[in-house]
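Everything on this sheet refers to the single structure shown next.
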Amino acid sequence: MMNQKKTLSPSGREQKWLFDETMARMDAQYDEACGLLEDRAQGHGVRASSHYAVGLLARGTEADRKRAQTVLHAILSMQFESRPEDVFYGVFRRNDREEQPPCEPFPGTHFTAYSRYYLDKWQERIQELFGRSLGEEGYTAEEIRKIKRLYQRAALSTVPVIWKDFDPNWREFIGVDFALILQFFSEELDGELIREMDAAMERTVEGSLARFRDYVCPMNTNIELMHILICAFFGERWGRQDLISHAVEAGRSLEERYLEFHSVSEYNSTTYYSVDLMALSAMRQLDVAPELAEMAARLEAGIWEDIAVMYHPGLKNLSGPFSRGYETDMRLHSLIPALLYLGLGEEKQEKPGFNCELAGNLAVALLGTRIPEQVKGHLAAFSGERQVETRFRELMERGCPGDDSSVCVAEAFLAENYMLGALRGSRNTSGQLRSAAAFWKAPDGSVSNFVLLRREPGEKCEHVRTVYFNNRVRKNHMGIQVTWELERDMELFFAIAGCGLSEDMIAADCWRLPGMTVHVNADGRTPEVRRSTDGLEVVYPYRWRDVSARSMRFQLDFEPQAEKK
């Protein structure tokens with residue numbers, strides 16, 4: 001064994017607090033009847049339960065050890081039945097309600113990265129033309145949406161569809177948990193359970209390896225890091241030199257791509273950064289090749305340096321833009337607040353709140369993080385007004401193989417009580433793209449924000465091709481240009497979140513928001529203003545038959561209001 005660390009337990013005041021608080025919440029979610037954590041919205045979660053098993057073994061009472069074995073048996077029963085050629089080989093269910101994916105009438109190995117790309121485009125084009133034909137026949141917009149959903153359900157009912165029928169990333173998330181358990185807690189488990197875990201991991205690692213090599217579904221950086229980690233760890237465990245060599249080679253390639261612009265592909269994504277940092281910390285501490293442990297230390301330090309450039313301690317957020325983002329405010333969907341608390345200490349960083357990433361707290365509480373000394377000051381207190389411009393190479397998950405990345409430019413301006421971010425050059429198709437964002441202090445001291453998004457009318461923000469953003473930011477100013485190259489109606493909208501918002505604050509040329517006035521030049525367009533769960537939406541419809549709307553331009557000038565003392 002190369003790694004001399006034999007225990008995994010929270011050390012230090014901050015790690016112990018985060019671990020204990022998280023475990024208390026997860027203990028309350030445990031359902032003895034099925035051995036998994038209960039999620040009222042989605043049954044019983046498998047990934048969260050896997051994290052919980054690690055936490056139980058780390059807490060280490062006799063009752064905890066017994067419960068951990070029950071949880072692990074339940075998780076093992078959640079691995080899909082599959083053949084090595086299936087695209088979901090080695091994947092675990094997301095929850096106990098998830099059904100076995102459809103069994104396609106041809107092996108998954110017949111899908112290549114190119115066939116996936118062109119099938120996607122073909123399917124999207126058919127739906128676009130189908131929807132247009134329905135409209136010409138007099139169907140209403142709501143009827144067209146319903147018919148298109150029925151068509152899609154029928155078209156995809158016989159083949160396993162990634163993200164719909166299964167989540168391939170569950171291989172890597174559970175694989176890392178199993179690696180931690182097998183290294184640090186093997187003596188707490190009975191031999192038969194360990195054999196079952198190894199057998200499940202053989203399927204998981206082989207399925208992950210096939211995905212990496214086939215490139216049918218590209219891996220984001222966080223998943224690629226965990227893929228490297230499980231290949232390296234289980235390669236050492238099973239004496240598989242082929243897995244070790246692959247992990248080392250993949251690690252070198254990932255670091256080389258990172259060093260091109262000192263950035264991962266999911267630039268400024270607090271959700272993805274969280275898992276990156278967890279995986280890198282685990283890679284430093286598990287039994288893997290020394291080259292990989294050293295690489296992990298370098299990348300962990302590098303990502304913290306990247307965070308410090310865009311992070312505003314007073315507004316408790318990164319400035320934007322976000323190439324990927326589940327939420328605009330990172331406190332709602334990220335482990336970064338917890339990692340800052342661990343890395344800076346309670347004297348400099350407040351205790352984090354608990355959000356939907358609750359289960360992930362256990363891994364970071366146990367593994368900790370290393371923040372470079374030279375950036376701690378920038379993370380603890382605002383270091384002064386600044387204009388930032390950085391480049392990064394994005395990953396287009398549904399892009400054409402060989403042409404699925406582009407170099408983007410992210411700009412930001414950070415001031416004492418507000419910050420702006422904008423992105424240009426992106427070809428990202430993801431519904432998570434947030435190409436322009438602003439944060440500011442409201443009069444009551446809370447933090448408000450807005451973000452620029454797009455969607456089909458009546459739908460959520462999903463994958464859409466050929467909508468391009470080229471935005472700029474300078475002090476007090478944001479310029480936005482949107483180019484539409486698709487033949488269906490869409491909505492461009494600014495989602496505004498904060499306290500005290502009302503529709504009468506929004507006029508065509510001015511938004512008088514609590515703490516911030518935004519003067520708007522929208523080339524004469526008048527928006528629709530709607531209430532939303534978080535606040536307001538300022539919506540600019542795109543009608544594809546209107547040629548003049550193919551390019552939209554906005555000039556936004558910001559006038560921050562003085563904060564009340």
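Ordered as shown in the structure tokens, chains take letters A, B, and onward, while each chain numbers its residues from 1 and ligands are numbered from 1 in the order shown.
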Inset, instruction - Tell me, as an NGL selection string, which residues lie within 12 Å of Asp64 in chain A, counting only C-alpha atoms; anything in the same chain fewer than 5 positions away does not count. - result: :A and (23 or 27 or 30 or 52-59 or 69-71 or 188-189)
Could the residues in this selection be saved with C-alpha atoms as a PDB file, in the first residue's frame?
ATOM      1  CA  MET A  23     -25.025  13.200   9.767  1.00  0.00           C
ATOM      2  CA  ASP A  27     -29.962  10.107  10.191  1.00  0.00           C
ATOM      3  CA  TYR A  30     -32.942   7.037   6.938  1.00  0.00           C
ATOM      4  CA  TYR A  52     -24.264   8.164   4.084  1.00  0.00           C
ATOM      5  CA  ALA A  53     -22.634   4.726   4.217  1.00  0.00           C
ATOM      6  CA  VAL A  54     -19.215   6.411   4.235  1.00  0.00           C
ATOM      7  CA  GLY A  55     -20.359   8.705   7.036  1.00  0.00           C
ATOM      8  CA  LEU A  56     -21.713   5.821   9.123  1.00  0.00           C
ATOM      9  CA  LEU A  57     -18.443   3.914   8.900  1.00  0.00           C
ATOM     10  CA  ALA A  58     -16.468   7.045   9.752  1.00  0.00           C
ATOM     11  CA  ARG A  59     -18.622   7.693  12.841  1.00  0.00           C
ATOM     12  CA  GLN A  69     -23.734  -2.798   5.856  1.00  0.00           C
ATOM     13  CA  THR A  70     -27.526  -2.687   5.430  1.00  0.00           C
ATOM     14  CA  VAL A  71     -27.193   0.468   3.313  1.00  0.00           C
ATOM     15  CA  GLU A 188     -15.507  -3.211   9.435  1.00  0.00           C
ATOM     16  CA  LEU A 189     -17.255  -5.219   6.688  1.00  0.00           C
TER      17      LEU A 189
END
Legend entry - Residues near Leu492 in chain A, cut-off 9 Å, only C-alpha atoms, skip fewer than 4 positions along chain, as a ChimeraX atom specification: /A:452-456,482,538-542
Legend entry - Interatomic distance (Å, one decimal) between CA of Ile75 in chain A and CA of Pro10 in chain A: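 These two atoms are separated by 24.1 Å.
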Inset, instruction - Do a neighbour search on range 418-428 of chain A at 7 Å with only C-alpha atoms, toss out local chain neighbours closer than 6 positions, and write the hits as a list in words. - result: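 Close residues of range 418-428 of chain A: Ser319, Gly320, Pro321, Met396, Ser406, Val407, Cys408, Val409, Ala410, Glu411, Ala412, Ser435, Ala436, Ala437, Ala438, Phe439, Trp440, Lys441, Tyr468, Phe469, Asn470, Asn471, Arg472 and Val473 of chain A.
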Legend entry - Residue neighbourhood Pro218 in chain A, 12 Å, only C-alpha atoms, exclusion window fewer than 2 positions, as a ChimeraX atom specification: /A:112-114,116-117,162,168-169,208-216,220-224,227,265,395-402,404-405
Legend entry - Non-local contacts of range 356-373 of chain A (8 Å; only C-alpha atoms; under 4 positions in same chain excluded) as a ChimeraX atom specification: /A:8-11,15-16,18-19,22-23,26,48,51-52,54-55,277-278,281-282,285,300-301,304-305,332-335,338-339,342-344,377
Legend entry - Selected residue, from A:Val547, A:Ile336, A:Leu433, A:Leu486, that lies nearest to Glu462 in chain A when counting only C-alpha atoms: A:Leu433
Legend entry - Among the residues A:Gly235, A:Tyr151, A:Ala380, A:Met295, the one that comes closest to Glu347 in chain A [using only C-alpha atoms]: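 Once distances to Glu347 in chain A are computed over only C-alpha atoms, the minimum belongs to A:Ala380.
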Inset, instruction - Provide the CA of Val205 in chain A to CA of Asp167 in chain A distance in Å, to one decimal place. - result: 14.9 Å
Inset, instruction - Enumerate, as a list in words, the complete set of residues in range 151-381 of chain A that a backbone-based DSSP assignment places in strand (DSSP E or B). - result: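 Output for range 151-381 of chain A, strand (DSSP E or B) only: Ile162, Phe166, Tyr311, His312, Asn317, Leu318 and Phe322 of chain A.
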Those selected residues, please, written with N, CA and C atoms and delivered as a PDB file, in the first residue's frame.
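Okay, this is what ended up in result_9.pdb:
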ATOM      1  N   ILE A 162     -29.751   8.395 -22.312  1.00  0.00           N
ATOM      2  CA  ILE A 162     -28.928   8.964 -21.246  1.00  0.00           C
ATOM      3  C   ILE A 162     -29.614  10.195 -20.663  1.00  0.00           C
ATOM      4  N   PHE A 166     -31.433   6.832 -17.352  1.00  0.00           N
ATOM      5  CA  PHE A 166     -30.358   6.558 -16.392  1.00  0.00           C
ATOM      6  C   PHE A 166     -29.375   7.709 -16.398  1.00  0.00           C
ATOM      7  N   TYR A 311     -14.385  35.383  -7.079  1.00  0.00           N
ATOM      8  CA  TYR A 311     -15.187  35.307  -5.860  1.00  0.00           C
ATOM      9  C   TYR A 311     -15.251  36.653  -5.157  1.00  0.00           C
ATOM     10  N   HIS A 312     -16.444  37.008  -4.678  1.00  0.00           N
ATOM     11  CA  HIS A 312     -16.664  38.242  -3.921  1.00  0.00           C
ATOM     12  C   HIS A 312     -17.115  37.856  -2.519  1.00  0.00           C
ATOM     13  N   ASN A 317     -20.557  35.005  -3.466  1.00  0.00           N
ATOM     14  CA  ASN A 317     -20.787  34.334  -4.733  1.00  0.00           C
ATOM     15  C   ASN A 317     -19.638  34.593  -5.697  1.00  0.00           C
ATOM     16  N   LEU A 318     -19.534  33.741  -6.723  1.00  0.00           N
ATOM     17  CA  LEU A 318     -18.693  34.040  -7.855  1.00  0.00           C
ATOM     18  C   LEU A 318     -19.475  34.943  -8.798  1.00  0.00           C
ATOM     19  N   PHE A 322     -21.406  31.936 -16.006  1.00  0.00           N
ATOM     20  CA  PHE A 322     -21.305  30.542 -15.627  1.00  0.00           C
ATOM     21  C   PHE A 322     -21.540  29.672 -16.861  1.00  0.00           C
TER      22      PHE A 322
END
